[in-house]
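Written out below as structure tokens is the structure these notes cover.
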Amino acid sequence: MEHKGKVVLVGAGPGDPELLTLKGKRILEQADVVVYDRLLSPEVLALMPETAEKIDVGKNVGNHPVPQDQINRILLEKALEGKQVVRLKGGDPFVFGRGGEELELLEEHGVPFEEVPGITSAIAAAAYAGIPVTHRDYCSSLHIITGHARAGGELSIDFSALVRLNGTLVFLMSVANAGKIADGLRQAGMDGTMPCAVVERGTYPAQRKILATLDTLASAVEENGVQSPAVILVGKVCGLSEKFDWFSAKPLKGKRVLVTQPQKKQSKFLGMLRKLGADAVGYPCIETEPIRPFEADPGPYSVLVFTSAAGVDSYFSWLEETGRDARCLFGKKIFCVGSQTAAEWKKHGITADFVPSVFDGEHLARELLAAGVAGKEDRFLLLRADIASPELPEILRENGMDVTETAVYRTKAVCGENPPDLSQFDVVTFTSKSCVEGLARSLGRQDFAGTKALCIGAKTAACAERYGFTVVTSEKATLQSMAEELIRLERI
């Protein structure tokens with residue numbers, strides 16, 4: 001008997017990855033096959049399981065490399081193979097997303113299916129532009145219309161009916177026909193001074209909003225070079241945009257920031273910057289990998305010293321691999337170079353015994369000696385990268401401390417696909433010397449004169465300066481401090 005799988009249409013929302021629903025995320029992460037569209041954020045696509053078969057059926061205006069009937073057939077065939085199939089679509093699958101068409105063939109063959117609604121750009125783009133699509137004092141209805149005509153055809157819109165409704169009009173897929181829409185509404189009796197708005201790339205950090213009137217709508221679209229995806233809004237509520245535009249008020253709105261951290265660490269900083277409005281792009285220049293085997297039995301040592309979160313992660317992985325856990329650390333003192341390293345310990349239920357006020361190896365050594373938190377009777381086990389700055393062990397040994405160094409992870413440069421054009425970014429961020437060197441190696445350059453770099457600490461800054469970057473250093477060696485420094489620079 002033929003075993004049938006299942007197809008779930010999942011609406012990914014308009015662009016901001018945080019607008020993906022919890023249900024959509026859960027189903028996507030369980031998929032065997034993902035058939036996905038063009039207008040999806042990289043963060044949403046990153047949720048696809050590594051083991052899933054990924055099929056790109058993305059469309060551009062006038063260019064459909066995978067015809068709709070073939071997409072329908074792909075969904076059917078994969079489901080008949082017994083697979084759990086996710087059809088991942090931008091916005092909402094049932095709002096001009098052709099979701100209904102994709103279900104018809106499945107229904108004919110008795111294939112089970114579901115639909116997970118997504119937030120449509122018709123509402124989200126307006127909201128991110130400060131436009132409430134309904135307002136008791138201005139209108140009492142909302143109308144969503146496709147401004148896209150079939151190839152070679154004319155717009156099939158009853159403009160007279162729309163004008164009589166006196167509500168907010170939202171035109172999707174409409175940029176190419178902005179002039180025809182404006183003409184149609186005017187000819188049907190709408191006042192040429194009616195407020196309008198065009199929202200390009202709605203909910204993305206690069207969102208652009210253009211305000212106009214019905215009379216100036218077509219010229220505004222042309223003069224500003226508006227590109228798809230964009231939404232056209234017509235109605236009195238568009239006049240509220242300047243008053244309610246919360247998105248444009250974000251402190252880093254309009255700034256492009258390149259983040260060079262390792263792939264596994266990027267999400268926190270990228271999320272932090274995007275919440276501040278920045279168009280933050282990840283381009284990992286290094287990656288860390290645990291060193292195995294290594295001798296790091298904690299038994300003989302009274303103090304364990306960690307200089308990075310990667311070291312903590314590698315060490316705990318080693319404990320698990322050797323059949324042990326945090327109980328073997330009972331009675332040990334844990335010293336960390338900074339707050340992020342200490343936070344990694346917190347994940348395992350352990351609070352660091354000492355963290356210096358300035359997050360680097362030299363300050364860790366000098367401050368722990370000044371604080372008297374360890375003595376010459378202690379034995380130090382220093383766990384860190386295979387290549388690291390010498391100040392920490394040198395200072396401790398100069399003061400009579402018994403120090404053993406063990407490399408628990410190594411850092412190596414990686415060259416990602418599609419290297420970035422740094423001229424398209426306002427600033428590049430570096431959280432280590434390795435990130436600086438990794439970017440230089442990836443781009444095949446030694447001189448970056450004229451490119452601004454934000455660095456997490458003095459040693460990283462010194463390395464960036466050697467490569468010619470115009471360097472700014474955060475006040476503290478934390479991601480939060482780096483974000484605050486970007487805001488401060490923007491305000492100067």
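Please note that chains go A, B, ... in the order of the structure tokens, that every chain numbers its residues from 1, and that ligands are numbered from 1 in the order shown.
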Using DSSP assignments from the backbone, pull out every residue in segment 177-358 of chain A that falls under helix (DSSP H, G or I) and give it to me as a PDB file with N, CA and C atoms, in the first residue's frame.
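Listed below is the output, result_23.pdb:
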ATOM      1  N   ASN A 177       2.602  48.873 -11.630  1.00  0.00           N
ATOM      2  CA  ASN A 177       1.332  49.448 -12.084  1.00  0.00           C
ATOM      3  C   ASN A 177       0.865  50.605 -11.213  1.00  0.00           C
ATOM      4  N   ALA A 178       1.802  51.263 -10.520  1.00  0.00           N
ATOM      5  CA  ALA A 178       1.434  52.357  -9.626  1.00  0.00           C
ATOM      6  C   ALA A 178       0.688  53.466 -10.372  1.00  0.00           C
ATOM      7  N   GLY A 179       1.165  53.796 -11.571  1.00  0.00           N
ATOM      8  CA  GLY A 179       0.510  54.855 -12.343  1.00  0.00           C
ATOM      9  C   GLY A 179      -0.902  54.481 -12.741  1.00  0.00           C
ATOM     10  N   LYS A 180      -1.099  53.233 -13.168  1.00  0.00           N
ATOM     11  CA  LYS A 180      -2.433  52.783 -13.570  1.00  0.00           C
ATOM     12  C   LYS A 180      -3.388  52.761 -12.375  1.00  0.00           C
ATOM     13  N   ILE A 181      -2.875  52.395 -11.226  1.00  0.00           N
ATOM     14  CA  ILE A 181      -3.712  52.374 -10.021  1.00  0.00           C
ATOM     15  C   ILE A 181      -4.148  53.783  -9.657  1.00  0.00           C
ATOM     16  N   ALA A 182      -3.201  54.715  -9.670  1.00  0.00           N
ATOM     17  CA  ALA A 182      -3.530  56.103  -9.339  1.00  0.00           C
ATOM     18  C   ALA A 182      -4.538  56.679 -10.332  1.00  0.00           C
ATOM     19  N   ASP A 183      -4.310  56.418 -11.615  1.00  0.00           N
ATOM     20  CA  ASP A 183      -5.242  56.926 -12.641  1.00  0.00           C
ATOM     21  C   ASP A 183      -6.634  56.332 -12.451  1.00  0.00           C
ATOM     22  N   GLY A 184      -6.688  55.044 -12.182  1.00  0.00           N
ATOM     23  CA  GLY A 184      -7.983  54.377 -12.018  1.00  0.00           C
ATOM     24  C   GLY A 184      -8.766  54.944 -10.843  1.00  0.00           C
ATOM     25  N   LEU A 185      -8.097  55.195  -9.738  1.00  0.00           N
ATOM     26  CA  LEU A 185      -8.774  55.744  -8.560  1.00  0.00           C
ATOM     27  C   LEU A 185      -9.229  57.179  -8.802  1.00  0.00           C
ATOM     28  N   ARG A 186      -8.398  57.985  -9.471  1.00  0.00           N
ATOM     29  CA  ARG A 186      -8.786  59.379  -9.761  1.00  0.00           C
ATOM     30  C   ARG A 186      -9.979  59.423 -10.702  1.00  0.00           C
ATOM     31  N   GLN A 187      -9.932  58.591 -11.726  1.00  0.00           N
ATOM     32  CA  GLN A 187     -11.035  58.580 -12.694  1.00  0.00           C
ATOM     33  C   GLN A 187     -12.341  58.108 -12.053  1.00  0.00           C
ATOM     34  N   LEU A 217       1.790  59.856  -6.678  1.00  0.00           N
ATOM     35  CA  LEU A 217       2.189  58.474  -6.399  1.00  0.00           C
ATOM     36  C   LEU A 217       3.089  57.899  -7.489  1.00  0.00           C
ATOM     37  N   ALA A 218       2.682  58.002  -8.733  1.00  0.00           N
ATOM     38  CA  ALA A 218       3.447  57.400  -9.833  1.00  0.00           C
ATOM     39  C   ALA A 218       4.837  58.006  -9.944  1.00  0.00           C
ATOM     40  N   SER A 219       4.923  59.323  -9.855  1.00  0.00           N
ATOM     41  CA  SER A 219       6.231  59.971  -9.963  1.00  0.00           C
ATOM     42  C   SER A 219       7.110  59.639  -8.770  1.00  0.00           C
ATOM     43  N   ALA A 220       6.510  59.489  -7.569  1.00  0.00           N
ATOM     44  CA  ALA A 220       7.292  59.143  -6.384  1.00  0.00           C
ATOM     45  C   ALA A 220       7.917  57.765  -6.515  1.00  0.00           C
ATOM     46  N   VAL A 221       7.156  56.824  -7.071  1.00  0.00           N
ATOM     47  CA  VAL A 221       7.671  55.473  -7.286  1.00  0.00           C
ATOM     48  C   VAL A 221       8.815  55.491  -8.285  1.00  0.00           C
ATOM     49  N   GLU A 222       8.643  56.242  -9.371  1.00  0.00           N
ATOM     50  CA  GLU A 222       9.667  56.290 -10.413  1.00  0.00           C
ATOM     51  C   GLU A 222      10.916  57.029  -9.945  1.00  0.00           C
ATOM     52  N   GLU A 223      10.736  58.200  -9.338  1.00  0.00           N
ATOM     53  CA  GLU A 223      11.880  59.014  -8.934  1.00  0.00           C
ATOM     54  C   GLU A 223      12.719  58.351  -7.846  1.00  0.00           C
ATOM     55  N   LYS A 236      -6.717  57.831   4.143  1.00  0.00           N
ATOM     56  CA  LYS A 236      -6.453  58.910   5.095  1.00  0.00           C
ATOM     57  C   LYS A 236      -5.492  58.501   6.197  1.00  0.00           C
ATOM     58  N   VAL A 237      -5.479  57.210   6.564  1.00  0.00           N
ATOM     59  CA  VAL A 237      -4.602  56.770   7.643  1.00  0.00           C
ATOM     60  C   VAL A 237      -3.117  56.929   7.298  1.00  0.00           C
ATOM     61  N   CYS A 238      -2.791  57.038   6.012  1.00  0.00           N
ATOM     62  CA  CYS A 238      -1.395  57.240   5.621  1.00  0.00           C
ATOM     63  C   CYS A 238      -0.863  58.558   6.183  1.00  0.00           C
ATOM     64  N   GLY A 239      -1.750  59.489   6.446  1.00  0.00           N
ATOM     65  CA  GLY A 239      -1.345  60.767   7.011  1.00  0.00           C
ATOM     66  C   GLY A 239      -0.866  60.666   8.450  1.00  0.00           C
ATOM     67  N   LEU A 240      -1.062  59.505   9.087  1.00  0.00           N
ATOM     68  CA  LEU A 240      -0.618  59.306  10.464  1.00  0.00           C
ATOM     69  C   LEU A 240       0.807  58.763  10.543  1.00  0.00           C
ATOM     70  N   SER A 241       1.406  58.452   9.400  1.00  0.00           N
ATOM     71  CA  SER A 241       2.684  57.763   9.374  1.00  0.00           C
ATOM     72  C   SER A 241       3.783  58.507  10.121  1.00  0.00           C
ATOM     73  N   GLU A 242       3.919  59.788   9.893  1.00  0.00           N
ATOM     74  CA  GLU A 242       4.997  60.550  10.535  1.00  0.00           C
ATOM     75  C   GLU A 242       4.837  60.559  12.051  1.00  0.00           C
ATOM     76  N   LYS A 243       3.614  60.587  12.515  1.00  0.00           N
ATOM     77  CA  LYS A 243       3.352  60.626  13.954  1.00  0.00           C
ATOM     78  C   LYS A 243       3.617  59.283  14.617  1.00  0.00           C
ATOM     79  N   PHE A 244       3.314  58.189  13.916  1.00  0.00           N
ATOM     80  CA  PHE A 244       3.374  56.866  14.528  1.00  0.00           C
ATOM     81  C   PHE A 244       4.546  56.007  14.039  1.00  0.00           C
ATOM     82  N   GLN A 263      29.959  31.439  13.144  1.00  0.00           N
ATOM     83  CA  GLN A 263      28.554  31.181  12.848  1.00  0.00           C
ATOM     84  C   GLN A 263      27.746  30.863  14.107  1.00  0.00           C
ATOM     85  N   LYS A 264      28.285  30.038  14.996  1.00  0.00           N
ATOM     86  CA  LYS A 264      27.550  29.602  16.174  1.00  0.00           C
ATOM     87  C   LYS A 264      27.323  30.733  17.180  1.00  0.00           C
ATOM     88  N   LYS A 265      28.105  31.792  17.082  1.00  0.00           N
ATOM     89  CA  LYS A 265      28.012  32.873  18.071  1.00  0.00           C
ATOM     90  C   LYS A 265      27.293  34.112  17.539  1.00  0.00           C
ATOM     91  N   GLN A 266      27.012  34.134  16.248  1.00  0.00           N
ATOM     92  CA  GLN A 266      26.527  35.364  15.638  1.00  0.00           C
ATOM     93  C   GLN A 266      25.114  35.763  16.048  1.00  0.00           C
ATOM     94  N   SER A 267      24.275  34.790  16.305  1.00  0.00           N
ATOM     95  CA  SER A 267      22.849  35.075  16.442  1.00  0.00           C
ATOM     96  C   SER A 267      22.555  36.113  17.526  1.00  0.00           C
ATOM     97  N   LYS A 268      23.258  36.050  18.643  1.00  0.00           N
ATOM     98  CA  LYS A 268      23.001  36.981  19.741  1.00  0.00           C
ATOM     99  C   LYS A 268      23.288  38.421  19.323  1.00  0.00           C
ATOM    100  N   PHE A 269      24.470  38.656  18.734  1.00  0.00           N
ATOM    101  CA  PHE A 269      24.855  40.019  18.354  1.00  0.00           C
ATOM    102  C   PHE A 269      24.015  40.512  17.180  1.00  0.00           C
ATOM    103  N   LEU A 270      23.761  39.636  16.204  1.00  0.00           N
ATOM    104  CA  LEU A 270      22.914  40.036  15.076  1.00  0.00           C
ATOM    105  C   LEU A 270      21.526  40.440  15.568  1.00  0.00           C
ATOM    106  N   GLY A 271      20.968  39.638  16.468  1.00  0.00           N
ATOM    107  CA  GLY A 271      19.655  39.959  17.009  1.00  0.00           C
ATOM    108  C   GLY A 271      19.651  41.267  17.765  1.00  0.00           C
ATOM    109  N   MET A 272      20.704  41.509  18.534  1.00  0.00           N
ATOM    110  CA  MET A 272      20.824  42.749  19.303  1.00  0.00           C
ATOM    111  C   MET A 272      20.844  43.965  18.379  1.00  0.00           C
ATOM    112  N   LEU A 273      21.627  43.877  17.308  1.00  0.00           N
ATOM    113  CA  LEU A 273      21.756  45.002  16.374  1.00  0.00           C
ATOM    114  C   LEU A 273      20.466  45.217  15.588  1.00  0.00           C
ATOM    115  N   ARG A 274      19.817  44.135  15.204  1.00  0.00           N
ATOM    116  CA  ARG A 274      18.576  44.266  14.428  1.00  0.00           C
ATOM    117  C   ARG A 274      17.458  44.866  15.263  1.00  0.00           C
ATOM    118  N   LYS A 275      17.427  44.553  16.550  1.00  0.00           N
ATOM    119  CA  LYS A 275      16.428  45.165  17.416  1.00  0.00           C
ATOM    120  C   LYS A 275      16.626  46.673  17.512  1.00  0.00           C
ATOM    121  N   ALA A 309      34.290  31.840  26.026  1.00  0.00           N
ATOM    122  CA  ALA A 309      33.135  30.942  26.102  1.00  0.00           C
ATOM    123  C   ALA A 309      33.396  29.666  25.318  1.00  0.00           C
ATOM    124  N   ALA A 310      34.173  29.764  24.235  1.00  0.00           N
ATOM    125  CA  ALA A 310      34.494  28.573  23.434  1.00  0.00           C
ATOM    126  C   ALA A 310      35.273  27.563  24.258  1.00  0.00           C
ATOM    127  N   GLY A 311      36.152  28.044  25.139  1.00  0.00           N
ATOM    128  CA  GLY A 311      36.906  27.154  26.008  1.00  0.00           C
ATOM    129  C   GLY A 311      36.003  26.426  26.983  1.00  0.00           C
ATOM    130  N   VAL A 312      35.023  27.138  27.545  1.00  0.00           N
ATOM    131  CA  VAL A 312      34.076  26.528  28.473  1.00  0.00           C
ATOM    132  C   VAL A 312      33.268  25.444  27.753  1.00  0.00           C
ATOM    133  N   ASP A 313      32.787  25.779  26.563  1.00  0.00           N
ATOM    134  CA  ASP A 313      31.985  24.834  25.787  1.00  0.00           C
ATOM    135  C   ASP A 313      32.783  23.574  25.465  1.00  0.00           C
ATOM    136  N   SER A 314      34.031  23.757  25.033  1.00  0.00           N
ATOM    137  CA  SER A 314      34.876  22.614  24.710  1.00  0.00           C
ATOM    138  C   SER A 314      35.149  21.765  25.947  1.00  0.00           C
ATOM    139  N   TYR A 315      35.373  22.425  27.085  1.00  0.00           N
ATOM    140  CA  TYR A 315      35.696  21.695  28.307  1.00  0.00           C
ATOM    141  C   TYR A 315      34.515  20.853  28.780  1.00  0.00           C
ATOM    142  N   PHE A 316      33.317  21.430  28.756  1.00  0.00           N
ATOM    143  CA  PHE A 316      32.153  20.673  29.197  1.00  0.00           C
ATOM    144  C   PHE A 316      31.830  19.528  28.241  1.00  0.00           C
ATOM    145  N   SER A 317      32.075  19.742  26.949  1.00  0.00           N
ATOM    146  CA  SER A 317      31.890  18.646  25.992  1.00  0.00           C
ATOM    147  C   SER A 317      32.837  17.504  26.317  1.00  0.00           C
ATOM    148  N   TRP A 318      34.072  17.864  26.704  1.00  0.00           N
ATOM    149  CA  TRP A 318      35.064  16.849  27.059  1.00  0.00           C
ATOM    150  C   TRP A 318      34.637  16.085  28.313  1.00  0.00           C
ATOM    151  N   LEU A 319      34.095  16.818  29.299  1.00  0.00           N
ATOM    152  CA  LEU A 319      33.604  16.145  30.507  1.00  0.00           C
ATOM    153  C   LEU A 319      32.547  15.108  30.152  1.00  0.00           C
ATOM    154  N   GLU A 320      31.601  15.492  29.281  1.00  0.00           N
ATOM    155  CA  GLU A 320      30.535  14.565  28.887  1.00  0.00           C
ATOM    156  C   GLU A 320      31.108  13.369  28.128  1.00  0.00           C
ATOM    157  N   GLU A 321      32.062  13.644  27.238  1.00  0.00           N
ATOM    158  CA  GLU A 321      32.669  12.568  26.448  1.00  0.00           C
ATOM    159  C   GLU A 321      33.391  11.558  27.338  1.00  0.00           C
ATOM    160  N   ALA A 326      29.625  18.310  36.016  1.00  0.00           N
ATOM    161  CA  ALA A 326      30.101  19.406  36.853  1.00  0.00           C
ATOM    162  C   ALA A 326      30.433  18.981  38.279  1.00  0.00           C
ATOM    163  N   ARG A 327      29.980  17.816  38.694  1.00  0.00           N
ATOM    164  CA  ARG A 327      30.272  17.380  40.065  1.00  0.00           C
ATOM    165  C   ARG A 327      31.770  17.200  40.315  1.00  0.00           C
ATOM    166  N   CYS A 328      32.527  16.917  39.251  1.00  0.00           N
ATOM    167  CA  CYS A 328      33.971  16.726  39.433  1.00  0.00           C
ATOM    168  C   CYS A 328      34.699  18.040  39.681  1.00  0.00           C
ATOM    169  N   LEU A 329      33.967  19.146  39.590  1.00  0.00           N
ATOM    170  CA  LEU A 329      34.556  20.468  39.820  1.00  0.00           C
ATOM    171  C   LEU A 329      34.294  20.971  41.234  1.00  0.00           C
ATOM    172  N   SER A 339      32.531  38.709  31.149  1.00  0.00           N
ATOM    173  CA  SER A 339      31.134  38.385  31.451  1.00  0.00           C
ATOM    174  C   SER A 339      30.561  37.308  30.532  1.00  0.00           C
ATOM    175  N   GLN A 340      30.969  37.297  29.262  1.00  0.00           N
ATOM    176  CA  GLN A 340      30.432  36.281  28.348  1.00  0.00           C
ATOM    177  C   GLN A 340      30.934  34.887  28.694  1.00  0.00           C
ATOM    178  N   THR A 341      32.199  34.807  29.117  1.00  0.00           N
ATOM    179  CA  THR A 341      32.740  33.520  29.551  1.00  0.00           C
ATOM    180  C   THR A 341      32.032  33.062  30.819  1.00  0.00           C
ATOM    181  N   ALA A 342      31.804  33.997  31.744  1.00  0.00           N
ATOM    182  CA  ALA A 342      31.082  33.663  32.978  1.00  0.00           C
ATOM    183  C   ALA A 342      29.650  33.239  32.685  1.00  0.00           C
ATOM    184  N   ALA A 343      29.027  33.874  31.678  1.00  0.00           N
ATOM    185  CA  ALA A 343      27.652  33.517  31.306  1.00  0.00           C
ATOM    186  C   ALA A 343      27.588  32.097  30.777  1.00  0.00           C
ATOM    187  N   GLU A 344      28.646  31.644  30.105  1.00  0.00           N
ATOM    188  CA  GLU A 344      28.682  30.265  29.604  1.00  0.00           C
ATOM    189  C   GLU A 344      28.709  29.269  30.773  1.00  0.00           C
ATOM    190  N   TRP A 345      29.406  29.625  31.845  1.00  0.00           N
ATOM    191  CA  TRP A 345      29.400  28.790  33.043  1.00  0.00           C
ATOM    192  C   TRP A 345      28.007  28.757  33.663  1.00  0.00           C
ATOM    193  N   LYS A 346      27.332  29.892  33.642  1.00  0.00           N
ATOM    194  CA  LYS A 346      25.990  29.974  34.219  1.00  0.00           C
ATOM    195  C   LYS A 346      25.034  28.977  33.567  1.00  0.00           C
TER     196      LYS A 346
END
Might you pull out every residue within 10 Å of Thr146 of chain A, with only C-alpha atoms counted and same-chain residues fewer than 3 positions away left off, and present them as a ChimeraX atom specification? /A:95-96,149,155-157,170-174,231
How about saving the chosen residues, N, CA and C atoms kept, as a PDB file, in the first residue's frame?
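Wrote it out as part.pdb, contents follow:
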ATOM      1  N   VAL A  95      -3.051  34.629   1.069  1.00  0.00           N
ATOM      2  CA  VAL A  95      -3.242  36.028   0.659  1.00  0.00           C
ATOM      3  C   VAL A  95      -2.375  36.273  -0.569  1.00  0.00           C
ATOM      4  N   PHE A  96      -2.951  36.062  -1.726  1.00  0.00           N
ATOM      5  CA  PHE A  96      -2.260  36.193  -3.021  1.00  0.00           C
ATOM      6  C   PHE A  96      -0.989  35.348  -3.068  1.00  0.00           C
ATOM      7  N   ALA A 149      -1.215  42.181 -12.801  1.00  0.00           N
ATOM      8  CA  ALA A 149      -2.071  41.633 -13.862  1.00  0.00           C
ATOM      9  C   ALA A 149      -1.403  40.405 -14.469  1.00  0.00           C
ATOM     10  N   LEU A 155      -5.286  45.348 -15.668  1.00  0.00           N
ATOM     11  CA  LEU A 155      -5.706  45.243 -14.280  1.00  0.00           C
ATOM     12  C   LEU A 155      -7.211  44.991 -14.213  1.00  0.00           C
ATOM     13  N   SER A 156      -7.596  44.023 -13.391  1.00  0.00           N
ATOM     14  CA  SER A 156      -9.013  43.720 -13.232  1.00  0.00           C
ATOM     15  C   SER A 156      -9.458  44.208 -11.861  1.00  0.00           C
ATOM     16  N   ILE A 157      -9.645  45.537 -11.764  1.00  0.00           N
ATOM     17  CA  ILE A 157      -9.981  46.162 -10.486  1.00  0.00           C
ATOM     18  C   ILE A 157     -11.203  47.061 -10.683  1.00  0.00           C
ATOM     19  N   VAL A 170      -4.933  48.606   0.223  1.00  0.00           N
ATOM     20  CA  VAL A 170      -3.568  48.084   0.236  1.00  0.00           C
ATOM     21  C   VAL A 170      -3.377  47.277  -1.043  1.00  0.00           C
ATOM     22  N   PHE A 171      -2.434  47.714  -1.863  1.00  0.00           N
ATOM     23  CA  PHE A 171      -2.156  47.044  -3.140  1.00  0.00           C
ATOM     24  C   PHE A 171      -0.843  46.267  -3.020  1.00  0.00           C
ATOM     25  N   LEU A 172      -0.924  44.954  -3.193  1.00  0.00           N
ATOM     26  CA  LEU A 172       0.259  44.106  -3.182  1.00  0.00           C
ATOM     27  C   LEU A 172       0.707  43.833  -4.617  1.00  0.00           C
ATOM     28  N   MET A 173       2.010  43.566  -4.775  1.00  0.00           N
ATOM     29  CA  MET A 173       2.582  43.263  -6.105  1.00  0.00           C
ATOM     30  C   MET A 173       2.165  44.331  -7.115  1.00  0.00           C
ATOM     31  N   SER A 174       2.376  45.581  -6.751  1.00  0.00           N
ATOM     32  CA  SER A 174       1.746  46.674  -7.484  1.00  0.00           C
ATOM     33  C   SER A 174       2.689  47.727  -8.033  1.00  0.00           C
ATOM     34  N   VAL A 231       4.747  47.577  -1.037  1.00  0.00           N
ATOM     35  CA  VAL A 231       3.301  47.674  -0.813  1.00  0.00           C
ATOM     36  C   VAL A 231       2.881  49.122  -1.023  1.00  0.00           C
TER      37      VAL A 231
END
Segment 206-313 of chain A residues near segment 421-425 of chain A within 7 Å, closest pair each, using only C-alpha atoms, as a Markdown table:
| residue | atom | partner | partner_atom | distance |
| --- | --- | --- | --- | --- |
| A:Arg256 | CA | A:Phe425 | CA | 4.9 |
| A:Val257 | CA | A:Phe425 | CA | 5.7 |
| A:Leu258 | CA | A:Phe425 | CA | 6.6 |
Give me, as an mmCIF file with C-alpha atoms, in the first residue's frame, all polymer residues having an atom no more than 10 Å from Arg441 of chain A, counting only C-alpha atoms and skipping those fewer than 4 positions away in the same chain.
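Everything below was put into result-v9.cif:
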data_model
loop_
_atom_site.group_PDB
_atom_site.id
_atom_site.type_symbol
_atom_site.label_atom_id
_atom_site.label_comp_id
_atom_site.auth_asym_id
_atom_site.auth_seq_id
_atom_site.Cartn_x
_atom_site.Cartn_y
_atom_site.Cartn_z
ATOM 1 C CA CYS A 285 35.449 34.704 9.230
ATOM 2 C CA ALA A 413 39.866 31.081 9.344
ATOM 3 C CA VAL A 414 36.968 30.318 7.023
ATOM 4 C CA CYS A 415 36.181 31.845 3.661
ATOM 5 C CA CYS A 435 38.181 37.759 13.221
ATOM 6 C CA VAL A 436 40.301 40.593 11.805
ATOM 7 C CA GLU A 437 42.848 38.213 10.355
ATOM 8 C CA ARG A 445 43.522 42.098 1.327
ATOM 9 C CA GLN A 446 46.053 43.608 3.706
#
For the structure I just gave you, how does DSSP split segment 67-313 of chain A - specifically, which residues are strand (DSSP E)? Reply as a PyMOL selection string. chain A and resi 84-89+113-116+142-146+168-172+195-200+208-213+230-234+256-259+279-282+286-290+303-306
What gap, in Å, lies between atom CA of Ile71 of chain A and atom CA of Val8 of chain A? 13.8 Å
Write out as a PyMOL selection string each polymer residue whose atoms come within 12 Å of Asp447 of chain A, counting only C-alpha atoms; drop sequence neighbours fewer than 2 positions from it. chain A and resi 436-437+439-441+443-445+449-451+463-470
Atom-to-atom span, atom CA of Ile286 of chain A and atom CA of Ser432 of chain A, Å: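 Distance reported for this atom pair: 9.8 Å.
Proximity ranking of A:Val33, A:Ala12, A:Gly375, A:Val281 relative to Pro419 of chain A places A:Val281 first, based on only C-alpha atoms.
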Shell around Thr307 of chain A at 8 Å using only C-alpha atoms, local window under 2 positions removed, as JSON, numbers by chain: {"A": [305, 309, 311, 336, 337, 338, 341, 360, 361, 383, 384]}
Show me, as a PyMOL selection string, the residues that have an atom within 12 Å of Arg87 of chain A when counting only C-alpha atoms, minus same-chain residues fewer than 3 positions from it. chain A and resi 6-12+24+27-28+31-37+48+53-58+71-72+74-76+78-79+84+90+92-93+97-99+102-103+113-117
Pairwise distance, atom CA of Ser474 of chain A with atom CA of Leu392 of chain A, equals 21.6 Å
With only C-alpha atoms as the counted atoms, please give the residues lying no more than 9 Å from Pro298 of chain A, apart from itself and same-chain residues fewer than 3 positions off, as a PDB file with N, CA and C atoms, in the first residue's frame.
ATOM      1  N   TYR A 301      44.175  20.272  40.395  1.00  0.00           N
ATOM      2  CA  TYR A 301      44.180  21.744  40.341  1.00  0.00           C
ATOM      3  C   TYR A 301      43.090  22.327  41.238  1.00  0.00           C
ATOM      4  N   SER A 302      43.417  23.467  41.839  1.00  0.00           N
ATOM      5  CA  SER A 302      42.446  24.151  42.701  1.00  0.00           C
ATOM      6  C   SER A 302      41.782  25.326  42.003  1.00  0.00           C
ATOM      7  N   VAL A 303      42.401  25.817  40.905  1.00  0.00           N
ATOM      8  CA  VAL A 303      41.867  26.963  40.164  1.00  0.00           C
ATOM      9  C   VAL A 303      41.809  26.615  38.678  1.00  0.00           C
ATOM     10  N   LEU A 304      40.646  26.797  38.077  1.00  0.00           N
ATOM     11  CA  LEU A 304      40.495  26.647  36.632  1.00  0.00           C
ATOM     12  C   LEU A 304      40.258  28.031  36.039  1.00  0.00           C
ATOM     13  N   CYS A 328      32.527  16.917  39.251  1.00  0.00           N
ATOM     14  CA  CYS A 328      33.971  16.726  39.433  1.00  0.00           C
ATOM     15  C   CYS A 328      34.699  18.040  39.681  1.00  0.00           C
ATOM     16  N   LEU A 329      33.967  19.146  39.590  1.00  0.00           N
ATOM     17  CA  LEU A 329      34.556  20.468  39.820  1.00  0.00           C
ATOM     18  C   LEU A 329      34.294  20.971  41.234  1.00  0.00           C
ATOM     19  N   LYS A 332      36.496  23.575  43.339  1.00  0.00           N
ATOM     20  CA  LYS A 332      37.423  24.316  42.475  1.00  0.00           C
ATOM     21  C   LYS A 332      37.017  25.784  42.385  1.00  0.00           C
ATOM     22  N   LEU A 381      45.055  25.778  36.437  1.00  0.00           N
ATOM     23  CA  LEU A 381      44.922  25.133  35.129  1.00  0.00           C
ATOM     24  C   LEU A 381      44.277  26.136  34.190  1.00  0.00           C
TER      25      LEU A 381
END
